[in-house]
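What follows is structure.cif (mmCIF, C-alpha atoms).
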data_query
loop_
_atom_site.label_atom_id
_atom_site.label_comp_id
_atom_site.auth_asym_id
_atom_site.auth_seq_id
_atom_site.Cartn_x
_atom_site.Cartn_y
_atom_site.Cartn_z
CA MET S 1 -12.82 -43.35 -26.07
CA CYS S 2 -16.36 -42.59 -25.18
CA GLY S 3 -18.73 -41.60 -27.95
CA THR S 4 -20.97 -39.60 -25.63
CA CYS S 5 -18.69 -37.03 -24.08
CA GLY S 6 -15.17 -37.87 -25.28
CA CYS S 7 -13.87 -39.01 -21.93
CA PRO S 8 -11.59 -42.05 -21.78
CA SER S 9 -13.74 -44.20 -19.52
CA HIS S 10 -17.34 -43.44 -20.32
CA GLN S 11 -18.98 -46.06 -22.56
CA ALA S 12 -21.45 -44.79 -25.13
CA GLY S 13 -24.94 -45.53 -23.91
CA GLY S 14 -23.65 -46.11 -20.42
CA ALA S 15 -25.94 -43.42 -18.99
CA GLY S 16 -23.09 -41.54 -17.38
CA ARG S 17 -21.66 -44.51 -15.48
CA ALA S 18 -17.97 -45.27 -15.66
CA GLU S 19 -17.52 -48.77 -17.02
CA ASP S 20 -13.74 -48.68 -16.75
CA PRO S 21 -12.33 -52.14 -16.02
CA GLU S 22 -9.38 -50.41 -14.33
CA ARG S 23 -9.91 -50.05 -10.60
CA GLY S 24 -8.69 -46.83 -9.11
CA ARG S 25 -7.51 -46.17 -5.60
CA VAL S 26 -10.05 -45.07 -3.03
CA ILE S 27 -9.73 -41.86 -1.04
CA THR S 28 -12.01 -41.53 1.98
CA LEU S 29 -13.18 -37.97 2.57
CA GLU S 30 -16.30 -37.96 4.81
CA ARG S 31 -16.55 -34.23 4.24
CA ASP S 32 -19.54 -31.97 3.82
CA LEU S 33 -20.37 -31.08 0.23
CA LEU S 34 -20.60 -27.44 1.28
CA ALA S 35 -17.42 -27.54 3.40
CA ALA S 36 -15.89 -24.65 1.44
CA ASN S 37 -18.99 -22.45 1.91
CA ASP S 38 -19.22 -23.42 5.57
CA ALA S 39 -15.56 -22.49 6.17
CA VAL S 40 -16.09 -19.04 4.66
CA ALA S 41 -19.31 -18.67 6.66
CA ALA S 42 -17.47 -19.52 9.89
CA ARG S 43 -14.87 -16.86 9.08
CA ASN S 44 -17.65 -14.32 8.34
CA ARG S 45 -19.25 -15.18 11.70
CA GLU S 46 -15.94 -14.52 13.51
CA ARG S 47 -15.43 -11.19 11.72
CA LEU S 48 -18.98 -10.07 12.50
CA ALA S 49 -18.70 -11.09 16.15
CA ALA S 50 -15.37 -9.26 16.46
CA ALA S 51 -17.04 -6.09 15.15
CA ASP S 52 -20.03 -6.66 17.48
CA THR S 53 -22.28 -6.66 14.41
CA LEU S 54 -25.51 -8.67 14.52
CA ALA S 55 -26.01 -10.18 11.06
CA VAL S 56 -29.55 -11.19 10.20
CA ASN S 57 -30.27 -13.27 7.10
CA LEU S 58 -33.77 -12.35 5.87
CA MET S 59 -35.30 -14.99 3.65
CA ALA S 60 -38.69 -14.90 1.93
CA GLY S 61 -40.49 -15.49 -1.31
CA PRO S 62 -40.71 -12.64 -3.82
CA GLY S 63 -43.22 -10.02 -2.74
CA ALA S 64 -43.45 -10.92 0.96
CA GLY S 65 -42.38 -7.38 1.77
CA LYS S 66 -38.77 -7.89 2.88
CA THR S 67 -37.57 -4.54 1.60
CA THR S 68 -40.60 -2.61 2.89
CA LEU S 69 -40.11 -4.29 6.27
CA LEU S 70 -36.42 -3.35 6.21
CA VAL S 71 -37.22 0.28 5.41
CA ALA S 72 -39.70 0.38 8.32
CA THR S 73 -37.16 -1.31 10.62
CA ILE S 74 -34.34 1.05 9.63
CA THR S 75 -36.61 4.05 10.15
CA ALA S 76 -37.50 2.80 13.63
CA LEU S 77 -33.85 2.15 14.53
CA ALA S 78 -32.66 5.50 13.10
CA GLY S 79 -30.27 7.37 15.34
CA GLY S 80 -30.04 4.55 17.89
CA VAL S 81 -28.35 1.67 16.13
CA PRO S 82 -25.92 1.71 13.18
CA VAL S 83 -27.45 -0.31 10.33
CA ALA S 84 -26.33 -1.47 6.90
CA VAL S 85 -27.91 -3.77 4.35
CA VAL S 86 -26.69 -6.30 1.83
CA GLU S 87 -29.29 -6.83 -0.89
CA GLY S 88 -29.35 -10.00 -2.97
CA ASP S 89 -31.31 -10.13 -6.21
CA GLN S 90 -30.86 -11.87 -9.52
CA ALA S 91 -30.94 -8.50 -11.27
CA THR S 92 -31.26 -4.71 -10.73
CA ASP S 93 -30.22 -2.53 -7.80
CA LEU S 94 -33.78 -1.33 -7.15
CA ASP S 95 -33.79 -2.65 -3.58
CA ALA S 96 -30.43 -1.13 -2.65
CA ALA S 97 -31.69 2.22 -3.97
CA ARG S 98 -34.76 1.94 -1.70
CA ILE S 99 -32.52 1.26 1.30
CA ARG S 100 -30.08 4.06 0.47
CA ALA S 101 -33.02 6.48 0.31
CA THR S 102 -33.36 5.92 4.07
CA GLY S 103 -29.78 7.14 4.54
CA VAL S 104 -28.11 3.84 5.49
CA PRO S 105 -25.40 2.11 3.43
CA ALA S 106 -26.55 -0.67 1.12
CA ARG S 107 -24.52 -3.03 -1.00
CA GLN S 108 -26.36 -4.70 -3.89
CA ILE S 109 -25.25 -8.17 -4.92
CA THR S 110 -26.68 -9.27 -8.24
CA THR S 111 -26.37 -13.01 -8.48
CA GLY S 112 -27.14 -13.33 -12.20
CA LYS S 113 -28.70 -16.76 -12.55
CA ALA S 114 -27.99 -17.90 -9.00
CA CYS S 115 -31.00 -18.37 -6.76
CA HIS S 116 -29.39 -17.66 -3.37
CA LEU S 117 -26.55 -15.80 -1.68
CA ASP S 118 -23.51 -17.74 -0.53
CA ALA S 119 -20.86 -17.08 2.11
CA ALA S 120 -18.21 -15.87 -0.37
CA MET S 121 -20.53 -13.10 -1.59
CA ILE S 122 -20.97 -11.90 2.00
CA ALA S 123 -17.20 -12.14 2.60
CA ARG S 124 -16.61 -9.75 -0.31
CA ALA S 125 -19.18 -7.33 1.10
CA LEU S 126 -17.42 -7.53 4.49
CA ASP S 127 -14.08 -6.85 2.74
CA ASP S 128 -15.65 -3.62 1.47
CA GLY S 129 -16.39 -2.62 5.07
CA ILE S 130 -20.19 -2.90 4.88
CA ALA S 131 -20.62 -4.28 8.44
CA PRO S 132 -21.42 -1.48 10.92
CA ALA S 133 -19.51 -1.93 14.21
CA HIS S 134 -21.84 -2.33 17.24
CA GLY S 135 -24.79 -2.38 14.85
CA VAL S 136 -26.97 -4.60 12.68
CA LEU S 137 -26.20 -5.92 9.21
CA PHE S 138 -29.35 -7.08 7.45
CA VAL S 139 -28.80 -9.46 4.56
CA GLU S 140 -31.82 -9.61 2.29
CA ASN S 141 -31.49 -12.91 0.49
CA VAL S 142 -32.74 -13.57 -3.04
CA GLY S 143 -36.55 -13.86 -3.04
CA ASN S 144 -36.91 -17.63 -2.94
CA LEU S 145 -38.30 -20.04 -0.34
CA VAL S 146 -36.16 -22.99 -1.45
CA CYS S 147 -32.47 -22.51 -2.20
CA PRO S 148 -31.33 -19.97 0.44
CA ALA S 149 -32.16 -22.52 3.17
CA GLY S 150 -29.06 -24.61 2.50
CA PHE S 151 -26.37 -21.91 2.48
CA ASP S 152 -24.85 -20.63 5.72
CA LEU S 153 -23.72 -17.02 5.26
CA GLY S 154 -22.18 -16.59 8.71
CA GLU S 155 -25.25 -14.80 10.04
CA ALA S 156 -26.22 -14.82 13.72
CA ALA S 157 -29.88 -15.50 12.92
CA LYS S 158 -32.05 -16.62 10.05
CA VAL S 159 -35.39 -14.82 9.84
CA VAL S 160 -38.06 -16.06 7.43
CA VAL S 161 -40.58 -13.45 6.31
CA ALA S 162 -43.92 -14.85 5.17
CA SER S 163 -46.92 -12.69 4.36
CA VAL S 164 -50.65 -13.01 4.80
CA PRO S 165 -51.61 -12.99 1.08
CA GLU S 166 -49.25 -15.92 0.43
CA GLY S 167 -51.48 -18.21 2.48
CA ASP S 168 -51.10 -20.12 5.74
CA ASP S 169 -49.90 -23.32 4.04
CA LYS S 170 -46.43 -22.01 3.18
CA PRO S 171 -44.48 -23.64 6.06
CA LEU S 172 -45.51 -27.16 5.05
CA LYS S 173 -44.98 -26.44 1.34
CA TYR S 174 -41.45 -25.07 1.89
CA PRO S 175 -40.35 -27.02 4.96
CA ASP S 176 -36.57 -26.67 4.64
CA ILE S 177 -36.52 -22.90 4.96
CA PHE S 178 -38.96 -22.82 7.89
CA ALA S 179 -37.01 -25.60 9.61
CA ALA S 180 -33.90 -23.40 9.44
CA ALA S 181 -35.63 -20.30 10.86
CA ASP S 182 -34.69 -18.71 14.18
CA LEU S 183 -37.69 -16.38 13.85
CA VAL S 184 -40.68 -16.21 11.52
CA LEU S 185 -42.33 -12.89 10.74
CA VAL S 186 -45.81 -12.89 9.20
CA ASN S 187 -45.90 -9.59 7.33
CA LYS S 188 -48.97 -7.71 6.01
CA CYS S 189 -50.98 -8.66 9.11
CA ASP S 190 -53.13 -5.58 8.40
CA LEU S 191 -54.69 -7.77 5.69
CA LEU S 192 -55.78 -10.53 8.11
CA ALA S 193 -59.33 -9.15 8.11
CA HIS S 194 -59.56 -9.43 4.32
CA VAL S 195 -57.78 -12.70 3.51
CA ALA S 196 -58.56 -16.29 4.51
CA PHE S 197 -55.37 -16.75 6.53
CA ASP S 198 -55.43 -18.64 9.83
CA LEU S 199 -52.53 -17.39 11.96
CA GLU S 200 -52.90 -20.25 14.45
CA ARG S 201 -52.77 -22.82 11.66
CA PHE S 202 -49.70 -21.10 10.20
CA THR S 203 -47.96 -21.03 13.59
CA ALA S 204 -48.76 -24.68 14.29
CA ALA S 205 -47.32 -25.63 10.87
CA ALA S 206 -44.15 -23.59 11.44
CA ARG S 207 -43.67 -25.30 14.83
CA ARG S 208 -43.98 -28.74 13.26
CA LEU S 209 -40.78 -27.79 11.42
CA ALA S 210 -39.02 -25.78 14.14
CA PRO S 211 -40.67 -26.61 17.49
CA ALA S 212 -39.18 -23.65 19.40
CA VAL S 213 -39.53 -20.98 16.73
CA ALA S 214 -41.25 -17.68 17.57
CA VAL S 215 -43.84 -16.46 15.07
CA LEU S 216 -44.58 -12.71 15.08
CA ALA S 217 -47.35 -11.02 13.11
CA VAL S 218 -46.19 -7.64 11.79
CA SER S 219 -47.23 -5.03 9.28
CA ALA S 220 -44.47 -3.00 7.67
CA THR S 221 -47.03 -0.51 6.39
CA SER S 222 -49.23 -0.03 9.49
CA GLY S 223 -46.41 -0.56 11.99
CA ALA S 224 -48.35 -3.25 13.90
CA GLY S 225 -46.09 -5.71 15.72
CA LEU S 226 -42.89 -3.86 14.80
CA GLY S 227 -42.15 -3.17 18.48
CA VAL S 228 -41.95 -6.91 19.24
CA TRP S 229 -39.63 -7.41 16.24
CA LEU S 230 -37.41 -4.54 17.43
CA ASP S 231 -37.34 -6.08 20.94
CA TRP S 232 -36.25 -9.38 19.42
CA LEU S 233 -33.42 -7.62 17.55
CA ALA S 234 -32.35 -5.85 20.77
CA ARG S 235 -32.24 -9.18 22.66
CA ARG S 236 -30.16 -10.79 19.91
CA ARG S 237 -27.75 -7.83 19.92
CA ALA S 238 -27.41 -8.12 23.70
CA ARG S 239 -26.75 -11.86 23.44
CA LEU S 240 -24.06 -11.32 20.79
CA HIS S 241 -22.48 -8.57 22.88
CA ALA S 242 -22.50 -10.76 26.02
CA ALA S 243 -20.80 -13.60 24.14
CA ALA S 244 -17.95 -11.34 22.99
CA MET I 1 -31.71 -25.03 -9.05
CA HIS I 2 -29.13 -24.78 -6.28
CA GLU I 3 -28.10 -28.33 -7.26
CA LEU I 4 -25.85 -26.72 -9.89
CA SER I 5 -24.12 -24.76 -7.10
CA LEU I 6 -23.73 -28.00 -5.17
CA ALA I 7 -22.31 -29.80 -8.22
CA ARG I 8 -19.78 -26.98 -8.68
CA ALA I 9 -18.87 -27.13 -4.99
CA LEU I 10 -18.25 -30.85 -5.45
CA LEU I 11 -16.04 -30.27 -8.52
CA THR I 12 -14.03 -27.63 -6.64
CA GLN I 13 -13.37 -30.14 -3.87
CA LEU I 14 -12.40 -32.81 -6.42
CA ALA I 15 -9.87 -30.43 -8.03
CA ALA I 16 -8.37 -29.64 -4.62
CA GLU I 17 -8.12 -33.35 -3.77
CA ALA I 18 -6.46 -34.02 -7.15
CA GLU I 19 -3.65 -31.63 -6.19
CA ARG I 20 -3.31 -33.07 -2.70
CA HIS I 21 -3.36 -36.74 -3.74
CA ALA I 22 -1.88 -36.40 -7.23
CA PHE I 23 -4.51 -38.06 -9.38
CA ALA I 24 -5.62 -37.19 -12.89
CA ARG I 25 -9.10 -38.64 -13.09
CA VAL I 26 -12.06 -39.32 -10.86
CA LEU I 27 -13.75 -42.63 -11.68
CA ARG I 28 -16.40 -42.66 -8.99
CA VAL I 29 -17.76 -40.33 -6.33
CA LYS I 30 -19.72 -41.68 -3.41
CA LEU I 31 -22.05 -39.20 -1.73
CA ALA I 32 -24.33 -39.55 1.26
CA ILE I 33 -27.51 -37.49 0.90
CA GLY I 34 -30.01 -37.38 3.71
CA ALA I 35 -33.74 -37.65 3.17
CA LEU I 36 -34.00 -34.26 4.91
CA GLY I 37 -31.02 -32.63 3.16
CA HIS I 38 -31.46 -29.55 1.00
CA VAL I 39 -30.91 -31.41 -2.24
CA ASP I 40 -32.73 -33.53 -4.76
CA PRO I 41 -30.46 -36.47 -5.69
CA ASP I 42 -31.73 -36.77 -9.27
CA ALA I 43 -31.27 -33.04 -9.89
CA LEU I 44 -27.79 -33.25 -8.37
CA ALA I 45 -26.86 -36.20 -10.60
CA PHE I 46 -28.03 -34.29 -13.67
CA ALA I 47 -26.19 -31.11 -12.59
CA PHE I 48 -23.02 -33.11 -11.92
CA GLU I 49 -23.14 -34.76 -15.34
CA VAL I 50 -23.48 -31.35 -17.01
CA ALA I 51 -20.99 -29.45 -14.85
CA SER I 52 -18.30 -32.16 -14.91
CA LYS I 53 -17.94 -32.18 -18.71
CA GLY I 54 -14.38 -31.26 -19.64
CA THR I 55 -13.16 -31.70 -16.05
CA LEU I 56 -11.16 -34.43 -14.32
CA ALA I 57 -14.48 -35.93 -13.22
CA ALA I 58 -16.07 -36.17 -16.69
CA GLY I 59 -17.96 -39.44 -16.93
CA ALA I 60 -17.38 -40.32 -13.29
CA ALA I 61 -20.01 -42.50 -11.68
CA LEU I 62 -22.00 -40.79 -8.97
CA ASP I 63 -23.10 -43.23 -6.26
CA ILE I 64 -25.62 -41.63 -3.97
CA GLU I 65 -26.27 -43.35 -0.67
CA ARG I 66 -29.59 -42.23 0.81
CA VAL I 67 -29.49 -41.60 4.54
CA ALA I 68 -32.81 -42.04 6.33
CA GLY I 69 -34.36 -39.21 8.31
CA ALA I 70 -34.41 -39.45 12.09
CA ALA I 71 -36.02 -37.29 14.74
CA HIS I 72 -36.65 -36.99 18.46
CA CYS I 73 -40.28 -36.49 19.50
CA LEU I 74 -40.74 -33.75 22.09
CA GLY I 75 -44.17 -35.19 22.90
CA CYS I 76 -43.38 -38.81 23.85
CA GLY I 77 -39.58 -38.73 23.92
CA ALA I 78 -39.19 -41.47 21.30
CA ASP I 79 -36.44 -41.49 18.69
CA VAL I 80 -38.21 -42.24 15.43
CA ALA I 81 -37.62 -42.59 11.69
CA VAL I 82 -39.13 -39.84 9.53
CA HIS I 83 -39.53 -39.50 5.79
CA GLY I 84 -39.81 -35.75 5.54
CA ARG I 85 -39.93 -32.52 7.48
CA GLY I 86 -43.23 -31.85 9.13
CA ASP I 87 -43.94 -35.56 9.68
CA PHE I 88 -46.00 -36.52 12.70
CA CYS I 89 -44.53 -38.85 15.32
CA PRO I 90 -45.29 -42.45 14.25
CA LYS I 91 -45.52 -43.44 17.95
CA CYS I 92 -47.73 -40.75 19.52
CA GLY I 93 -48.96 -38.69 16.55
CA GLY I 94 -47.40 -35.53 17.97
CA GLY I 95 -46.25 -32.77 15.64
CA HIS I 96 -43.18 -31.50 17.46
CA LEU I 97 -40.20 -33.45 16.17
CA VAL I 98 -36.60 -32.29 16.36
CA VAL I 99 -34.58 -33.63 13.46
CA THR I 100 -31.55 -35.65 14.62
CA GLY I 101 -30.38 -37.30 11.40
CA GLY I 102 -30.75 -37.41 7.64
CA GLU I 103 -29.64 -33.85 6.88
CA ASP I 104 -26.36 -35.05 5.38
CA MET I 105 -24.86 -33.73 2.16
CA LYS I 106 -21.53 -35.46 2.42
CA ILE I 107 -18.75 -36.69 0.14
CA ARG I 108 -17.92 -40.15 1.50
CA GLU I 109 -15.17 -41.32 -0.81
CA LEU I 110 -13.61 -41.06 -4.23
CA GLU I 111 -12.22 -43.67 -6.56
CA VAL I 112 -9.45 -42.07 -8.60
CA ALA I 113 -6.77 -42.93 -11.12
#
Since I need it in another form, could you write the structure as structure tokens?
Amino acid sequence: MCGTCGCPSHQAGGAGRAEDPERGRVITLERDLLAANDAVAARNRERLAAADTLAVNLMAGPGAGKTTLLVATITALAGGVPVAVVEGDQATDLDAARIRATGVPARQITTGKACHLDAAMIARALDDGIAPAHGVLFVENVGNLVCPAGFDLGEAAKVVVASVPEGDDKPLKYPDIFAAADLVLVNKCDLLAHVAFDLERFTAAARRLAPAVAVLAVSATSGAGLGVWLDWLARRRARLHAAA
Amino acid sequence: MHELSLARALLTQLAAEAERHAFARVLRVKLAIGALGHVDPDALAFAFEVASKGTLAAGAALDIERVAGAAHCLGCGADVAVHGRGDFCPKCGGGHLVVTGGEDMKIRELEVA
């Protein structure tokens, strides 16, 4: 009996290695560590496609302006496109309340200690009927430029929101999330005149990670660039619809 | 710390395999983790040690095989080895590489009793 953790095979001082002289049988798996998440994500993707709902996974660091951008986007889409939002935060329903104030449905997921949303959380939101048919479901991931990158939710597109005050070095500092992006929005571009932020340098860095990625400068507060973002959403909706 | 989520995902798979293959204990888990995967192997090993306590995998050895990163250069067309995302092409110095390998986070095999 092991003196470290009480298990039958672990030798005290063995630094967590099994030193059991007994050889077990070997089972070959060759399966992805996140196979369970990926299976749920694939099912989410099917359900969303069947409802003709474009799901967009918005990922950003805290304070990049995801929620403000969403409010501006929802306001611009009002009356034309059905929209709903899933909000992910470690705590509080402050963001969902901001979305609901615009008149669209919002479902808050509080993850507790978890640093990202996963596919099962989205599946539960879909079970509750959050996805608007023939519309757009925005999923605002937990504010974090690291962990959300690895978890497929079943979305049609991953959009990374960076912002001018964060600095133009963010793509190379957080490469995994930018490598996963289908679109990068640079929010708060109204501050470009006041902050040492080189948009060309930022774009070049993002394209070292995702060579084909589009980078759009937007301002949720001034409205600059929002038209191009709305056009992008319209194209992605049309593509989803054509594939159905 | 999404490594804890990954460790729990691993334990869930081990429990499912234990039902399918009728084993009581996991002695060793062999993983393949790519240099460009979304996981830090040391953090995963620590998370696994913590999360596996009291489970069928308590004390199991975690062998992590590192898979090298590979990419295709859009500039010169070469297939090259890379150490991280954002690397420049070692052949032409170009900065537009499409990752083709080393993103693995895979369970290769289990040794069970």
>> With all atoms listed in the file considered, list every residue of chain I at most 9 Å from chain S, as a PyMOL selection string.
In response: chain I and resi 1-3+5-7+9-10+12-13+21+26-28+31-32+36-39+49+53-54+58-62+74+84-88+94-99+104-113
>> Just want the 10 Å neighbourhood of Ala68 of chain I, counted on only C-alpha atoms, with same-chain residues fewer than 4 positions away dropped. Output as a list in words.
In response: Ile33, Gly34, Ala35, Leu36, Ala81, Val82, His83, Gly84, Gly101, Gly102, Glu103 and Asp104 of chain I
> atom CA of Cys92 of chain I and atom CA of Cys76 of chain I are how many Å apart?
Replying inline: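 These two atoms are separated by 6.4 Å.
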> Once the PyMOL selection byres ((chain S and resi 48) around 12) has been applied to the shown file, what residues remain in the selection, as a PyMOL selection string?
Replying inline: chain S and resi 41-47+49-56+122-123+125-127+129-138+153-156+237+240-241+244
>> As an exercise, work out the distance from atom CA of Val142 of chain S to atom CA of Ala16 of chain I in Å and give it to one decimal place.
In response: 29.2 Å
>> Given the PyMOL selection byres ((chain S and resi 162) around 9) and the file above, list the residues it selects as a list in words.
In response: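 In the shown coordinates, the PyMOL selection byres ((chain S and resi 162) around 9) covers Met59, Ala60, Gly61, Ala64, Gly65, Lys66, Val160, Val161, Ser163, Val164, Pro165, Glu166, Gly167, Asp168, Lys170, Pro171, Val184, Leu185, Val186, Asn187 and Lys188 of chain S.
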Filtering to C-alpha atoms, could you give me those residues as a CSV table (one decimal), in the frame of the given file?
chain,number,residue,atom,x,y,z
S,59,MET,CA,-35.3,-15.0,3.6
S,60,ALA,CA,-38.7,-14.9,1.9
S,61,GLY,CA,-40.5,-15.5,-1.3
S,64,ALA,CA,-43.4,-10.9,1.0
S,65,GLY,CA,-42.4,-7.4,1.8
S,66,LYS,CA,-38.8,-7.9,2.9
S,160,VAL,CA,-38.1,-16.1,7.4
S,161,VAL,CA,-40.6,-13.4,6.3
S,163,SER,CA,-46.9,-12.7,4.4
S,164,VAL,CA,-50.6,-13.0,4.8
S,165,PRO,CA,-51.6,-13.0,1.1
S,166,GLU,CA,-49.2,-15.9,0.4
S,167,GLY,CA,-51.5,-18.2,2.5
S,168,ASP,CA,-51.1,-20.1,5.7
S,170,LYS,CA,-46.4,-22.0,3.2
S,171,PRO,CA,-44.5,-23.6,6.1
S,184,VAL,CA,-40.7,-16.2,11.5
S,185,LEU,CA,-42.3,-12.9,10.7
S,186,VAL,CA,-45.8,-12.9,9.2
S,187,ASN,CA,-45.9,-9.6,7.3
S,188,LYS,CA,-49.0,-7.7,6.0
> Separation of atom CA of Ala97 of chain S and atom CA of Leu233 of chain S, in Å?
Replying inline: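 Here the two named atoms are 23.7 Å from each other.
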>> the PyMOL selection byres ((chain S and resi 72) around 10) - which residues does that actually catch in the file I just gave you? List them as a PyMOL selection string.
In response: chain S and resi 66-71+73-78+102+219-223+226
